[in-house]
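Q: Below is final_24.csv; it holds CSV, C-alpha atoms.
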```csv
chain,number,residue,atom,x,y,z
A,1,GLN,CA,-46.3,44.9,-9.5
A,2,ALA,CA,-47.7,48.4,-10.1
A,3,HIS,CA,-45.6,51.2,-11.7
A,4,PRO,CA,-45.0,54.3,-9.5
A,5,SER,CA,-47.3,56.4,-11.6
A,6,GLN,CA,-50.2,54.0,-10.8
A,7,VAL,CA,-50.0,54.6,-7.0
A,8,TYR,CA,-49.8,58.4,-7.2
A,9,VAL,CA,-53.2,60.1,-7.0
A,10,ARG,CA,-52.9,63.8,-7.8
A,11,GLU,CA,-54.7,66.1,-5.4
A,12,TYR,CA,-56.7,68.9,-6.9
A,13,SER,CA,-58.7,70.0,-3.9
A,14,ASP,CA,-58.0,73.5,-2.5
A,15,GLU,CA,-58.1,72.0,1.1
A,16,ALA,CA,-55.2,69.5,0.4
A,17,TRP,CA,-53.1,72.2,-1.4
A,18,GLY,CA,-53.7,74.6,1.4
A,19,ALA,CA,-52.9,72.1,4.2
A,20,VAL,CA,-49.7,71.0,2.5
A,21,GLY,CA,-48.6,74.6,1.7
A,22,ARG,CA,-49.2,75.7,5.3
A,23,LEU,CA,-47.4,72.7,6.7
A,24,VAL,CA,-44.3,73.4,4.7
A,25,SER,CA,-44.3,77.2,5.0
A,26,GLU,CA,-45.1,77.3,8.7
A,27,SER,CA,-42.5,74.7,9.6
A,28,ILE,CA,-39.5,76.7,8.1
A,29,HIS,CA,-36.9,78.0,10.5
A,30,ARG,CA,-37.1,81.7,11.0
A,31,ALA,CA,-34.3,83.9,12.2
A,32,SER,CA,-34.6,84.8,15.9
A,33,ALA,CA,-32.8,86.9,18.4
A,34,GLU,CA,-30.9,83.8,19.7
A,35,HIS,CA,-30.2,82.6,16.1
A,36,PRO,CA,-30.2,85.6,13.7
A,37,HIS,CA,-28.7,83.5,10.9
A,38,SER,CA,-30.9,80.5,11.1
A,39,GLU,CA,-33.3,81.4,8.4
A,40,CYS,CA,-33.9,78.5,6.1
A,41,GLU,CA,-33.1,80.0,2.7
A,42,CYS,CA,-33.6,76.8,0.7
A,43,MET,CA,-37.1,76.1,1.9
A,44,SER,CA,-38.3,79.7,2.1
A,45,LYS,CA,-37.8,80.0,-1.6
A,46,GLY,CA,-39.4,76.7,-2.5
A,47,ARG,CA,-42.6,76.3,-4.4
A,48,ILE,CA,-45.1,73.5,-4.3
A,49,LEU,CA,-45.7,72.3,-7.9
A,50,SER,CA,-48.0,69.4,-7.2
A,51,VAL,CA,-49.6,67.5,-4.3
A,52,HIS,CA,-50.1,63.7,-4.6
A,53,ARG,CA,-51.5,61.1,-2.3
A,54,VAL,CA,-49.9,57.6,-2.4
A,55,GLU,CA,-52.2,54.6,-2.6
A,56,ASN,CA,-50.1,51.5,-2.4
A,57,PHE,CA,-52.4,48.8,-1.0
A,58,SER,CA,-49.6,46.3,-0.1
A,59,LEU,CA,-47.7,49.0,1.8
A,60,TRP,CA,-50.9,50.1,3.5
A,61,GLN,CA,-51.6,46.5,4.7
A,62,ARG,CA,-48.0,46.3,6.0
A,63,TYR,CA,-48.4,49.6,7.9
A,64,LEU,CA,-51.8,48.5,9.4
A,65,GLN,CA,-50.2,45.2,10.5
A,66,HIS,CA,-47.2,46.9,12.2
A,67,ARG,CA,-49.5,49.5,13.8
A,68,ARG,CA,-51.8,46.8,15.3
A,69,GLN,CA,-48.7,44.9,16.6
A,70,MET,CA,-47.3,48.1,18.2
A,71,GLU,CA,-50.7,48.9,19.7
A,72,LEU,CA,-50.8,45.4,21.2
A,73,LEU,CA,-47.2,45.7,22.6
A,74,GLN,CA,-48.0,49.1,24.0
A,75,ALA,CA,-51.2,47.8,25.7
A,76,GLN,CA,-49.2,44.9,27.2
A,77,GLY,CA,-46.6,47.4,28.5
A,78,SER,CA,-43.8,45.8,26.6
A,79,ALA,CA,-43.1,48.8,24.4
A,80,LYS,CA,-42.5,52.4,25.2
A,81,CYS,CA,-43.1,55.3,22.8
A,82,GLU,CA,-40.7,58.2,23.1
A,83,ASP,CA,-42.1,61.7,22.4
A,84,ILE,CA,-40.8,63.9,19.6
A,85,SER,CA,-39.7,67.5,20.1
A,86,PRO,CA,-40.4,69.9,18.6
A,87,LEU,CA,-43.6,68.3,17.6
A,88,LEU,CA,-45.1,69.3,14.2
A,89,GLY,CA,-48.1,71.5,15.1
A,90,THR,CA,-46.9,72.7,18.5
A,91,THR,CA,-44.9,75.6,17.2
A,92,SER,CA,-47.7,77.1,15.2
A,93,PRO,CA,-51.5,76.9,15.4
A,94,THR,CA,-51.6,77.0,11.6
A,95,ILE,CA,-49.5,73.8,11.4
A,96,LYS,CA,-51.7,72.1,13.9
A,97,ASP,CA,-54.9,73.0,11.9
A,98,SER,CA,-53.3,71.8,8.7
A,99,ALA,CA,-52.1,68.5,10.1
A,100,VAL,CA,-55.7,67.9,11.5
A,101,GLN,CA,-57.0,68.5,8.0
A,102,LEU,CA,-54.8,65.8,6.6
A,103,ASP,CA,-55.7,63.5,9.5
A,104,VAL,CA,-59.4,63.3,8.8
A,105,THR,CA,-59.5,60.2,6.5
A,106,PHE,CA,-57.5,57.9,8.8
A,107,PRO,CA,-56.6,59.4,12.2
A,108,LEU,CA,-53.1,58.8,13.7
A,109,SER,CA,-53.0,56.4,16.6
A,110,ASP,CA,-52.4,58.1,20.0
A,111,ALA,CA,-51.8,54.6,21.5
A,112,VAL,CA,-48.5,54.3,19.6
A,113,ASN,CA,-47.6,58.0,19.5
A,114,GLU,CA,-48.0,58.4,15.7
A,115,LYS,CA,-47.1,61.9,14.6
A,116,TRP,CA,-47.0,63.9,11.3
A,117,LEU,CA,-43.3,64.2,10.3
A,118,LEU,CA,-41.6,65.3,7.1
A,119,HIS,CA,-39.1,63.5,4.9
A,120,GLY,CA,-37.1,65.1,2.1
A,121,THR,CA,-35.8,63.1,-0.7
A,122,THR,CA,-35.1,63.1,-4.5
A,123,TRP,CA,-37.8,62.3,-7.0
A,124,ASP,CA,-36.1,59.0,-7.9
A,125,SER,CA,-35.9,58.0,-4.2
A,126,ALA,CA,-39.6,59.0,-3.7
A,127,GLU,CA,-40.6,56.6,-6.4
A,128,GLN,CA,-38.7,53.8,-4.6
A,129,ILE,CA,-40.4,54.8,-1.3
A,130,VAL,CA,-43.9,54.7,-2.7
A,131,MET,CA,-43.3,51.3,-4.3
A,132,HIS,CA,-41.3,49.6,-1.5
A,133,GLY,CA,-41.6,51.7,1.6
A,134,PHE,CA,-38.8,53.4,3.6
A,135,ASP,CA,-35.6,51.3,3.8
A,136,HIS,CA,-32.7,52.5,5.8
A,137,ARG,CA,-30.4,50.0,4.0
A,138,VAL,CA,-30.5,52.1,0.8
A,139,SER,CA,-29.9,55.4,2.4
A,140,LYS,CA,-27.0,57.6,1.4
A,141,SER,CA,-23.9,57.4,3.4
A,142,ARG,CA,-23.4,61.2,3.4
A,143,SER,CA,-26.3,61.6,5.8
A,144,MET,CA,-25.6,63.9,8.7
A,145,TYR,CA,-26.0,61.2,11.3
A,146,GLY,CA,-24.9,58.2,9.2
A,147,LEU,CA,-26.9,55.6,7.5
A,148,GLY,CA,-30.6,55.7,8.3
A,149,THR,CA,-34.0,57.0,7.4
A,150,TYR,CA,-34.7,60.5,8.9
A,151,PHE,CA,-37.8,62.4,9.5
A,152,ALA,CA,-38.2,65.9,11.0
A,153,SER,CA,-41.0,68.1,12.3
A,154,GLU,CA,-39.5,71.1,10.5
A,155,ALA,CA,-39.4,71.4,6.7
A,156,CYS,CA,-35.9,72.9,6.6
A,157,LYS,CA,-34.5,69.9,8.4
A,158,SER,CA,-36.0,67.5,6.0
A,159,HIS,CA,-35.0,68.8,2.6
```
For the structure just supplied, provide its representation as C-alpha cells.
A:
Amino acid sequence: QAHPSQVYVREYSDEAWGAVGRLVSESIHRASAEHPHSECECMSKGRILSVHRVENFSLWQRYLQHRRQMELLQAQGSAKCEDISPLLGTTSPTIKDSAVQLDVTFPLSDAVNEKWLLHGTTWDSAEQIVMHGFDHRVSKSRSMYGLGTYFASEACKSH
C-alpha cells in the first residue's frame, strides 16, 4: 500500500490556487443585519499554505463503482437524491465560477446530485482519509450532531 505522501500531488497552477482560495474565502459567514455576530473569525483569519490533489487509484475505482451504482438506482427510480441547501456556489457567483474551474477534469454527475462540499479535519485525519476514504466509524464523538462524517457548503461550518 502507498504512503500518504505518494498520493498527494502538489498543485502549483495559479488557476487551482485561485479557485481554492475563492471557494474558501467566499464561503465564509459574514455578519448581517439579522445575525450581526455571525462573522466566522476562525476562517476569515486563515491562510492557504498549500493546495494538493489526491490521486489514490483504489479509492477512485471505489468511487466510480458507487457512482455507477447510484446512477443505475436513480434511473430505475429506486433511489431519491435530496437537495442540499445552501448549495456551494449559489450564494456567490465567485464560488460558482471557482467550483466550475475545479470540475473541468471530471464533471460531477447531475444524475445522482453530486455537489462540491467542504470537510474540515486535522492533518493526521486527512492522511487517513486519502489512504482509506471517509469512514464514519472513526469519527470523533464530540461532533456537534454525534458520530458521523460531515460536509458543509460553507467553510466556517466545516473547519
Q: Using only C-alpha atoms, pick whichever of A:Gln74, A:Arg137, A:Met43, A:Ala99 has the shortest atom-to-atom distance to Gly120 in chain A.
A: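 The closest residue to Gly120 in chain A is A:Met43.
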Q: Neighbouring residues of Leu108 in chain A were defined as those with any atom within 12 Å, considering all atoms listed in the file; residues of the same chain fewer than 6 positions away were excluded. Please report them as a list of chain:residue names.
A: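 The filter keeps A:Tyr63, A:Leu64, A:Arg67, A:Glu71, A:Ala99, A:Val100, A:Gln101, A:Leu102, A:Glu114, A:Lys115, A:Trp116, A:Leu117.
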Q: Excluding Ser5 in chain A and its own-chain neighbours fewer than 6 positions away, which residues fall within 10 Å of it when counting all atoms listed in the file? Please give them as a VMD selection string.
A: chain A and resid 54 127 130 to 131
Q: Could you tell me how far CA of Trp60 in chain A lies from CA of Ala126 in chain A, in Å and to one decimal?
A: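 If I compute the distance from CA of Trp60 in chain A to CA of Ala126 in chain A, I get 16.1 Å.
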Q: So how far away is CA of Tyr8 in chain A from CA of Arg53 in chain A, in Å?
A: 5.8 Å
Q: What's the separation between CA of Phe106 in chain A and CA of Phe57 in chain A, in Å to one decimal place?
A: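 It comes out at 14.3 Å.
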Q: Tell me which protein, DNA and RNA residues are within 12 Å of Ala79 in chain A, counting all atoms listed in the file, leaving out same-chain ones fewer than 5 positions away, and put them as a PDB file with C-alpha atoms, keeping the file's coordinate frame.
A:
```pdb
ATOM      1  CA  GLN A  69     -48.700  44.900  16.600  1.00  0.00           C
ATOM      2  CA  MET A  70     -47.300  48.100  18.200  1.00  0.00           C
ATOM      3  CA  GLU A  71     -50.700  48.900  19.700  1.00  0.00           C
ATOM      4  CA  LEU A  72     -50.800  45.400  21.200  1.00  0.00           C
ATOM      5  CA  LEU A  73     -47.200  45.700  22.600  1.00  0.00           C
ATOM      6  CA  GLN A  74     -48.000  49.100  24.000  1.00  0.00           C
ATOM      7  CA  ALA A 111     -51.800  54.600  21.500  1.00  0.00           C
ATOM      8  CA  VAL A 112     -48.500  54.300  19.600  1.00  0.00           C
ATOM      9  CA  ASN A 113     -47.600  58.000  19.500  1.00  0.00           C
TER      10      ASN A 113
END
```
Q: Compare A:Ile48, A:Ser109, A:Gln6, A:Lys140 by their minimum atom-to-atom distance to His66 in chain A, counting only C-alpha atoms, and give me the closest one.
A: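 Nearest to His66 in chain A: A:Ser109.
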Q: Identify which of the residues A:Leu23, A:Ile129, A:Val51, A:Leu118 lies closest to Tyr150 in chain A, counting only C-alpha atoms when measuring atom-to-atom distances.
A: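 Checking each candidate against Tyr150 in chain A, we get A:Leu118 as the closest.
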Q: When you count all atoms listed in the file, which of these residues is closest to Leu49 in chain A: A:Arg62, A:Val138, A:Arg10, A:Ser98?
A: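 Ranking A:Arg62, A:Val138, A:Arg10, A:Ser98 by distance to Leu49 in chain A, first place goes to A:Arg10.
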